[in-house]
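Structure data follow from start_2.txt (compact mmCIF, C-alpha atoms and all ligand atoms):
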# COMPACT_ATOMS: atom_id res chain seq x y z
CA MET A 67 85.29 122.74 88.23
CA LYS A 68 86.22 119.82 90.48
CA LYS A 69 89.91 119.72 91.33
CA CYS A 70 92.36 117.06 92.43
CA PHE A 71 92.27 117.00 96.23
CA LEU A 72 96.08 117.19 96.29
CA ASP A 73 96.09 120.35 94.16
CA GLY A 74 98.77 122.58 95.73
CA TYR A 75 100.67 119.62 97.25
CA GLY A 76 103.14 118.92 94.50
CA GLU A 77 102.36 119.26 90.82
CA CYS A 78 99.08 118.01 89.34
CA ASP A 79 99.10 116.47 85.89
CA GLY A 80 96.48 114.84 83.73
CA LYS A 81 92.74 114.87 84.12
CA LEU A 82 90.87 113.57 87.15
CA THR A 83 91.02 109.81 87.40
CA GLY A 84 88.91 107.19 89.15
CA GLU A 85 90.33 106.53 92.60
CA HIS A 86 89.21 103.52 94.66
CA TYR A 87 88.88 105.22 98.07
CA ILE A 88 89.16 101.75 99.60
CA SER A 89 92.06 100.22 97.67
CA ARG A 90 90.96 97.93 94.87
CA THR A 91 93.65 95.45 95.95
CA VAL A 92 91.98 95.19 99.36
CA LEU A 93 88.44 94.95 97.95
CA GLU A 94 89.57 92.17 95.62
CA SER A 95 91.26 90.31 98.48
CA ILE A 96 88.01 90.45 100.46
CA SER A 97 85.79 89.43 97.53
CA LYS A 98 88.07 86.46 96.68
CA GLY A 99 87.69 86.99 92.95
CA LYS A 100 84.02 88.03 92.84
CA MET A 101 83.17 91.32 91.10
CA LYS A 102 80.78 92.43 93.86
CA ILE A 103 81.31 92.90 97.55
CA PRO A 104 79.00 93.59 100.52
CA ILE A 105 79.43 97.24 101.56
CA GLY A 106 77.66 99.18 104.30
CA GLY A 107 77.72 102.49 106.13
CA LEU A 108 78.62 104.87 103.29
CA SER A 109 76.72 108.15 103.02
CA TRP A 110 74.63 107.06 100.01
CA GLN A 111 73.52 103.75 101.55
CA PRO A 112 70.49 102.88 103.71
CA GLU A 113 71.35 102.62 107.42
CA SER A 114 72.69 99.38 108.91
CA THR A 115 72.37 97.56 105.59
CA LEU A 116 75.00 95.70 103.62
CA GLN A 117 74.51 95.98 99.85
CA GLU A 118 76.28 94.01 97.13
CA ILE A 119 78.19 96.67 95.21
CA GLY A 120 80.36 96.22 92.12
CA ILE A 121 84.02 96.81 92.97
CA GLY A 122 84.41 98.90 89.80
CA SER A 123 81.83 101.42 90.99
CA LEU A 124 83.52 102.09 94.35
CA GLU A 125 85.61 104.87 92.92
CA SER A 126 85.44 108.61 92.57
CA ASN A 127 87.18 111.20 90.38
CA ILE A 128 89.08 112.97 93.14
CA LEU A 129 92.76 112.71 92.14
CA CYS A 130 94.61 113.72 89.00
CA TYR A 131 96.51 111.07 87.05
CA LYS A 132 99.87 112.08 88.50
CA HIS A 133 98.83 112.13 92.16
CA ASN A 134 96.77 108.96 91.74
CA SER A 135 99.63 107.00 90.22
CA GLY A 136 102.08 108.52 92.73
CA LEU A 137 100.05 107.06 95.58
CA SER A 138 99.33 103.70 93.97
CA PRO A 139 102.32 101.93 95.63
CA LEU A 140 100.46 102.42 98.92
CA ASP A 141 97.49 100.50 97.50
CA ALA A 142 99.74 97.67 96.32
CA LEU A 143 101.30 97.48 99.79
CA ALA A 144 97.85 97.54 101.41
CA GLY A 145 96.87 94.50 99.33
CA GLN A 146 99.91 92.56 100.57
CA PHE A 147 99.24 93.70 104.14
CA TYR A 148 95.59 92.60 103.93
CA ARG A 149 96.39 89.24 102.36
CA TYR A 150 99.05 88.50 104.98
CA LEU A 151 96.74 89.25 107.93
CA ASP A 152 93.90 87.29 106.35
CA GLY A 153 96.20 84.41 105.38
CA VAL A 154 97.79 84.08 108.82
CA ASP A 155 94.39 83.25 110.25
CA LYS A 156 92.65 81.49 107.34
CA ASN A 157 95.43 79.80 105.29
CA PRO A 158 98.55 79.85 107.48
CA ALA A 159 100.32 77.18 105.44
CA ASP A 160 100.19 79.51 102.41
CA VAL A 161 101.83 82.58 103.96
CA GLU A 162 105.45 83.13 104.86
CA ASP A 163 106.46 82.97 108.52
CA HIS A 164 107.90 86.49 108.55
CA PHE A 165 106.54 89.49 106.66
CA GLN A 166 108.14 92.93 106.87
CA VAL A 167 106.31 96.10 106.00
CA ASP A 168 107.26 99.79 106.18
CA GLY A 169 105.25 101.22 109.07
CA GLU A 170 104.96 104.80 107.79
CA SER A 171 103.69 103.54 104.44
CA ILE A 172 100.90 101.62 106.17
CA GLU A 173 100.09 104.79 108.15
CA ARG A 174 99.97 106.80 104.92
CA TRP A 175 97.71 104.20 103.35
CA PHE A 176 95.25 104.51 106.26
CA LEU A 177 95.45 108.30 105.82
CA LYS A 178 94.81 107.97 102.08
CA VAL A 179 91.70 105.84 102.69
CA LEU A 180 90.28 108.46 105.07
CA CYS A 181 91.08 111.36 102.70
CA GLY A 182 89.38 109.45 99.88
CA LEU A 183 86.27 108.67 101.93
CA VAL A 184 85.90 112.35 102.91
CA LYS A 185 86.76 113.84 99.50
CA SER A 186 84.46 111.45 97.62
CA SER A 187 81.67 112.36 100.10
CA SER A 188 81.33 108.66 100.91
CA ILE A 189 81.31 109.80 104.50
CA ARG A 190 79.79 113.15 105.41
CA GLY A 191 79.82 115.53 108.34
CA CYS A 192 83.55 115.36 108.94
CA SER A 193 86.72 117.02 107.77
CA PHE A 194 90.45 116.95 108.33
CA LYS A 195 93.32 119.38 108.75
CA ASP A 196 95.36 120.51 105.71
CA GLU A 197 98.33 118.96 107.50
CA TRP A 198 96.97 115.52 106.49
CA LEU A 199 97.62 116.35 102.83
CA GLN A 200 101.19 117.42 103.66
CA ILE A 201 101.79 114.10 105.43
CA LEU A 202 100.19 112.15 102.59
CA THR A 203 102.65 113.78 100.20
CA GLY A 204 105.71 113.06 102.31
CA LYS A 205 105.91 115.34 105.37
CA ASP A 206 106.97 113.59 108.59
CA TRP A 207 104.31 112.59 111.08
CA PRO A 208 104.07 114.87 114.12
CA GLU A 209 105.05 113.27 117.41
CA LEU A 210 102.71 110.53 118.64
CA TRP A 211 100.44 110.82 115.60
CA GLY A 212 99.94 107.68 113.60
CA LEU A 213 99.51 104.01 114.26
CA TYR A 214 98.53 102.38 117.55
CA VAL A 215 97.86 98.67 117.84
CA PRO A 216 95.57 97.56 120.67
CA ALA A 217 96.20 94.20 122.32
CA PRO A 218 93.55 91.63 121.41
CA THR A 219 90.59 91.23 123.73
CA ASP A 220 90.02 87.73 125.09
CA SER A 221 87.84 86.57 122.18
CA GLN A 222 88.66 88.56 119.09
CA ILE A 223 86.91 87.35 115.91
CA LEU A 224 89.02 87.84 112.78
CA ASN A 225 86.58 88.30 109.89
CA ASN A 226 87.47 88.72 106.24
CA GLU A 227 86.59 92.42 106.26
CA PHE A 228 87.83 95.97 106.13
CA TYR A 229 86.17 98.20 108.70
CA VAL A 230 86.54 101.91 109.56
CA GLU A 231 84.96 103.89 112.39
CA LEU A 232 85.73 107.56 113.01
CA LYS A 233 86.12 109.59 116.18
CA VAL A 234 85.11 113.12 115.25
CA ASN A 235 85.33 116.34 117.27
CA PRO A 236 81.63 117.32 117.64
CA GLU A 237 82.41 121.05 117.52
CA THR A 238 84.81 121.28 114.58
CA ASN A 239 83.81 118.02 112.77
CA GLU A 240 87.53 117.22 112.49
CA ILE A 241 88.53 113.56 112.53
CA LEU A 242 90.60 112.96 115.67
CA ALA A 243 91.16 109.23 115.36
CA ALA A 244 89.95 106.25 113.36
CA ASP A 245 89.50 102.61 114.31
CA PHE A 246 90.31 100.20 111.51
CA ARG A 247 89.97 96.44 111.23
CA VAL A 248 92.09 94.83 108.53
CA ALA A 249 91.07 91.19 108.06
CA GLY A 250 89.57 91.60 111.54
CA VAL A 251 92.79 92.82 113.18
CA PRO A 252 92.25 96.17 114.93
CA PHE A 253 94.47 99.20 114.31
CA VAL A 254 93.93 102.77 115.52
CA MET A 255 95.13 105.87 113.71
CA VAL A 256 95.45 108.96 115.90
CA PHE A 257 95.65 112.48 114.42
CA GLY A 258 96.88 114.67 117.22
CA THR A 259 99.00 114.23 120.32
CA PRO A 260 96.84 112.19 122.70
CA GLY A 261 96.69 113.00 126.42
CA SER A 262 96.99 109.32 127.32
CA PRO A 263 98.55 107.54 124.33
CA ASN A 264 98.49 104.12 126.05
CA SER A 265 94.70 104.08 125.93
CA PHE A 266 94.87 103.53 122.14
CA GLY A 267 97.26 100.58 122.31
CA GLU A 268 100.96 100.20 121.58
CA TYR A 269 102.32 103.14 119.58
CA ARG A 270 104.21 102.01 116.47
CA PRO A 271 104.92 98.49 117.77
CA ARG A 272 107.63 96.25 116.40
CA GLY A 273 104.95 94.01 114.98
CA LEU A 274 102.29 91.40 115.53
CA ILE A 275 103.03 87.80 116.46
CA PHE A 276 100.42 85.15 115.72
CA GLU A 277 100.82 81.99 117.78
CA LEU A 278 99.21 79.25 115.73
CA PRO A 279 99.01 75.46 116.14
CA LEU A 280 101.57 75.04 113.32
CA GLY A 281 104.00 77.63 114.68
CA GLU A 282 104.48 81.39 114.78
CA LYS A 283 103.81 83.98 112.09
CA ARG A 284 105.33 87.44 112.46
CA LEU A 285 104.31 90.67 110.83
CA GLU A 286 107.13 93.14 111.44
CA PHE A 287 106.83 96.91 111.02
CA ILE A 288 109.95 98.80 109.98
CA TRP A 289 110.17 102.22 111.68
CA LYS A 290 112.83 104.93 111.65
CA GLN A 291 113.02 104.57 115.42
CA GLU A 292 113.35 101.04 116.71
CA SER A 293 110.62 99.52 118.77
CA GLU A 294 110.74 96.29 120.74
CA ARG A 295 107.14 95.80 121.85
CA ALA A 296 104.99 93.39 119.88
CA ILE A 297 101.31 92.53 120.01
CA ILE A 298 100.65 88.82 120.46
CA TYR A 299 97.67 86.90 119.12
CA LYS A 300 97.02 83.30 120.09
CA LYS A 301 94.61 81.29 117.98
CA VAL A 302 92.13 79.45 120.20
CA GLY A 303 89.62 78.16 117.67
CA THR A 304 87.23 78.99 114.89
CA THR A 305 83.63 80.23 114.94
CA LYS A 306 80.80 80.87 112.51
CA GLU A 307 79.88 84.02 114.42
CA SER A 308 80.73 87.38 112.94
CA HIS A 309 82.07 90.38 114.78
CA PRO A 310 79.58 91.79 117.36
CA GLN A 311 79.63 95.08 115.41
CA HIS A 312 77.53 93.46 112.67
CA ARG A 313 74.62 92.47 114.92
CA GLY A 314 71.41 94.17 113.88
CA TRP A 315 72.63 94.74 110.30
CA LYS A 316 70.58 93.62 107.35
ZN ZN B 401 96.81 116.24 91.48
When written as C-alpha cells, how does the structure in this file appear?
Ligand SMILES: [Zn+2]
Amino acid sequence: MKKCFLDGYGECDGKLTGEHYISRTVLESISKGKMKIPIGGLSWQPESTLQEIGIGSLESNILCYKHNSGLSPLDALAGQFYRYLDGVDKNPADVEDHFQVDGESIERWFLKVLCGLVKSSSIRGCSFKDEWLQILTGKDWPELWGLYVPAPTDSQILNNEFYVELKVNPETNEILAADFRVAGVPFVMVFGTPGSPNSFGEYRPRGLIFELPLGEKRLEFIWKQESERAIIYKKVGTTKESHPQHRGWK
C-alpha cells in the first residue's frame, strides 16, 4: 500500500491526502483566477509542449493528512512570496515597499516542491537523500546547503511563471542542485557543500532590492545569521518576449 512520504519522520495521521506538488497558492497566482494553467516538462507530458491543465488535477496522494496540513504554512508563505515578486515588477503600486520573509521557510518550501515532484513521479530518473526529509521536518540545514541568489544578467526577463530545472548526479541520480525561477526571478537551491559556492550566486543574501521608476522595493530574508549582501535589480523596460528557455516550445 502507498505510504505517506514522510512516514517515519514524525507521526503520520489520517489517510493520504491530495498534495499540490507545486503549491496551489502559487499556481493560482500565476493563473490569475483561471482554473487552468499552461504546464510543461512533467514526466507524463509530451516533450517541449505546454498543455492547459486544471489546477485541481495537479495533485497527488503522497502525504497523510497530518503531514500535509503541517507543511501547509509553507505553501501559504510561497503564495505571498510569489505575489510579491510578481507584483514588484508588474503592479508595483499595489505591493508594499518592504516585505520580510523567513529565509529557511522559503528554502523548505523549495525542498517540499522537489520532494513532491519526485514522490508523485511528476519527474523521473532522480532521487534525493533521506536527509532531505529530516530537513523538511525541522532539522537544521547543513553548512552551505540551501539558497543562493544569482545576480541578474544584463537583460533578465521576469515572466509570470514558476520554473524548475534540476542538476542531477549522472551516476547516483541524486539531485545536487535545482534552479528555480519565481515570477521570473532566479534562485538556486544547493544540496551539498559546493566546491566553489560563489559560482551559484550569493549564499543566503540579506534580500533583493528592485530599483523601479517609482522608487525602491525590498524583499528581505530573515536568517539566523545576519547577512549584509543584497541582490539588486534595476528595471530598464518592458518586453513582449518570453524567457529564452521557452524558445522551441509548443
Ligand atoms: Zn505522514
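The space separating atom CA of A:Gln111 from atom CA of A:Ser123 comes to 13.6 Å.
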**Report entry** Residues within 12 Å of ligand ZN 401 (chain B), counting only C-alpha atoms and all ligand atoms, as a count of residues only
**Finding:** 30
Requested in this report: Using all atoms listed in the file, pick whichever of A:Tyr214, A:Tyr150, A:Tyr229, A:Phe176 has the shortest atom-to-atom distance to A:Glu268.
Outcome: A:Tyr214
Write out as a tab-separated table (two decimals) with C-alpha atoms, in the coordinates of the input which residues come within 7 Å of A:Glu286 when counting only C-alpha atoms, dropping same-chain ones fewer than 3 positions away.
chain	number	residue	atom	x	y	z
A	165	PHE	CA	106.54	89.49	106.66
A	166	GLN	CA	108.14	92.93	106.87
A	167	VAL	CA	106.31	96.10	106.00
A	272	ARG	CA	107.63	96.25	116.40
A	273	GLY	CA	104.95	94.01	114.98
A	274	LEU	CA	102.29	91.40	115.53
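You will find atom CA of A:Ile275 at 27.0 Å from atom CA of A:Thr259.
Excluding A:Gly120 and any residue on its chain fewer than 3 positions from it, the residues at most 8 Å away by only C-alpha atoms are Met101, Lys102, Ile103, Ser123 and Leu124 of chain A.
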Requested in this report: Tell me which of A:Asn264, A:Val251, A:Gly191, A:Lys178 sits closest to A:Glu227, counting all atoms listed in the file.
Outcome: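 When distances to A:Glu227 are compared using all atoms listed in the file, the smallest one comes from A:Val251.
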For stretch 193-243 of chain A of the block above, can you save C-alpha atoms as an mmCIF file, in the first residue's frame?
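The resulting file, out-v6.cif, is reproduced below:
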data_model
loop_
_atom_site.group_PDB
_atom_site.id
_atom_site.type_symbol
_atom_site.label_atom_id
_atom_site.label_comp_id
_atom_site.auth_asym_id
_atom_site.auth_seq_id
_atom_site.Cartn_x
_atom_site.Cartn_y
_atom_site.Cartn_z
ATOM 1 C CA SER A 193 16.161 10.781 -6.245
ATOM 2 C CA PHE A 194 17.247 12.538 -3.084
ATOM 3 C CA LYS A 195 18.962 11.714 0.186
ATOM 4 C CA ASP A 196 16.884 10.762 3.267
ATOM 5 C CA GLU A 197 18.456 13.820 4.894
ATOM 6 C CA TRP A 198 16.076 15.982 2.803
ATOM 7 C CA LEU A 199 13.113 14.558 4.715
ATOM 8 C CA GLN A 200 14.827 15.319 8.037
ATOM 9 C CA ILE A 201 15.360 18.928 6.945
ATOM 10 C CA LEU A 202 11.797 19.209 5.666
ATOM 11 C CA THR A 203 10.567 18.165 9.106
ATOM 12 C CA GLY A 204 12.746 20.617 11.008
ATOM 13 C CA LYS A 205 16.411 19.529 11.077
ATOM 14 C CA ASP A 206 18.913 22.357 10.519
ATOM 15 C CA TRP A 207 20.425 22.788 7.076
ATOM 16 C CA PRO A 208 24.000 21.514 6.762
ATOM 17 C CA GLU A 209 26.607 24.191 6.162
ATOM 18 C CA LEU A 210 26.391 25.945 2.783
ATOM 19 C CA TRP A 211 23.330 23.934 1.722
ATOM 20 C CA GLY A 212 20.289 25.932 0.788
ATOM 21 C CA LEU A 213 19.517 29.128 -1.037
ATOM 22 C CA TYR A 214 21.803 31.016 -3.405
ATOM 23 C CA VAL A 215 20.638 34.051 -5.340
ATOM 24 C CA PRO A 216 22.481 34.828 -8.576
ATOM 25 C CA ALA A 217 22.902 38.455 -9.623
ATOM 26 C CA PRO A 218 20.717 39.349 -12.603
ATOM 27 C CA THR A 219 22.240 39.092 -16.054
ATOM 28 C CA ASP A 220 22.146 42.276 -18.136
ATOM 29 C CA SER A 221 18.716 41.604 -19.655
ATOM 30 C CA GLN A 222 16.715 39.385 -17.360
ATOM 31 C CA ILE A 223 13.073 38.866 -18.422
ATOM 32 C CA LEU A 224 10.705 38.478 -15.479
ATOM 33 C CA ASN A 225 7.816 36.295 -16.680
ATOM 34 C CA ASN A 226 4.753 35.329 -14.692
ATOM 35 C CA GLU A 227 5.950 31.748 -14.243
ATOM 36 C CA PHE A 228 7.305 29.130 -11.886
ATOM 37 C CA TYR A 229 10.201 27.192 -13.358
ATOM 38 C CA VAL A 230 12.373 24.342 -12.026
ATOM 39 C CA GLU A 231 15.436 22.727 -13.580
ATOM 40 C CA LEU A 232 17.438 20.013 -11.829
ATOM 41 C CA LYS A 233 21.146 19.245 -11.706
ATOM 42 C CA VAL A 234 21.391 15.505 -11.152
ATOM 43 C CA ASN A 235 24.439 13.331 -10.443
ATOM 44 C CA PRO A 236 24.540 11.049 -13.540
ATOM 45 C CA GLU A 237 25.892 8.094 -11.538
ATOM 46 C CA THR A 238 23.641 8.105 -8.474
ATOM 47 C CA ASN A 239 20.658 10.051 -9.949
ATOM 48 C CA GLU A 240 20.699 12.200 -6.807
ATOM 49 C CA ILE A 241 19.592 15.811 -7.153
ATOM 50 C CA LEU A 242 22.594 18.028 -6.397
ATOM 51 C CA ALA A 243 21.060 21.426 -7.071
#
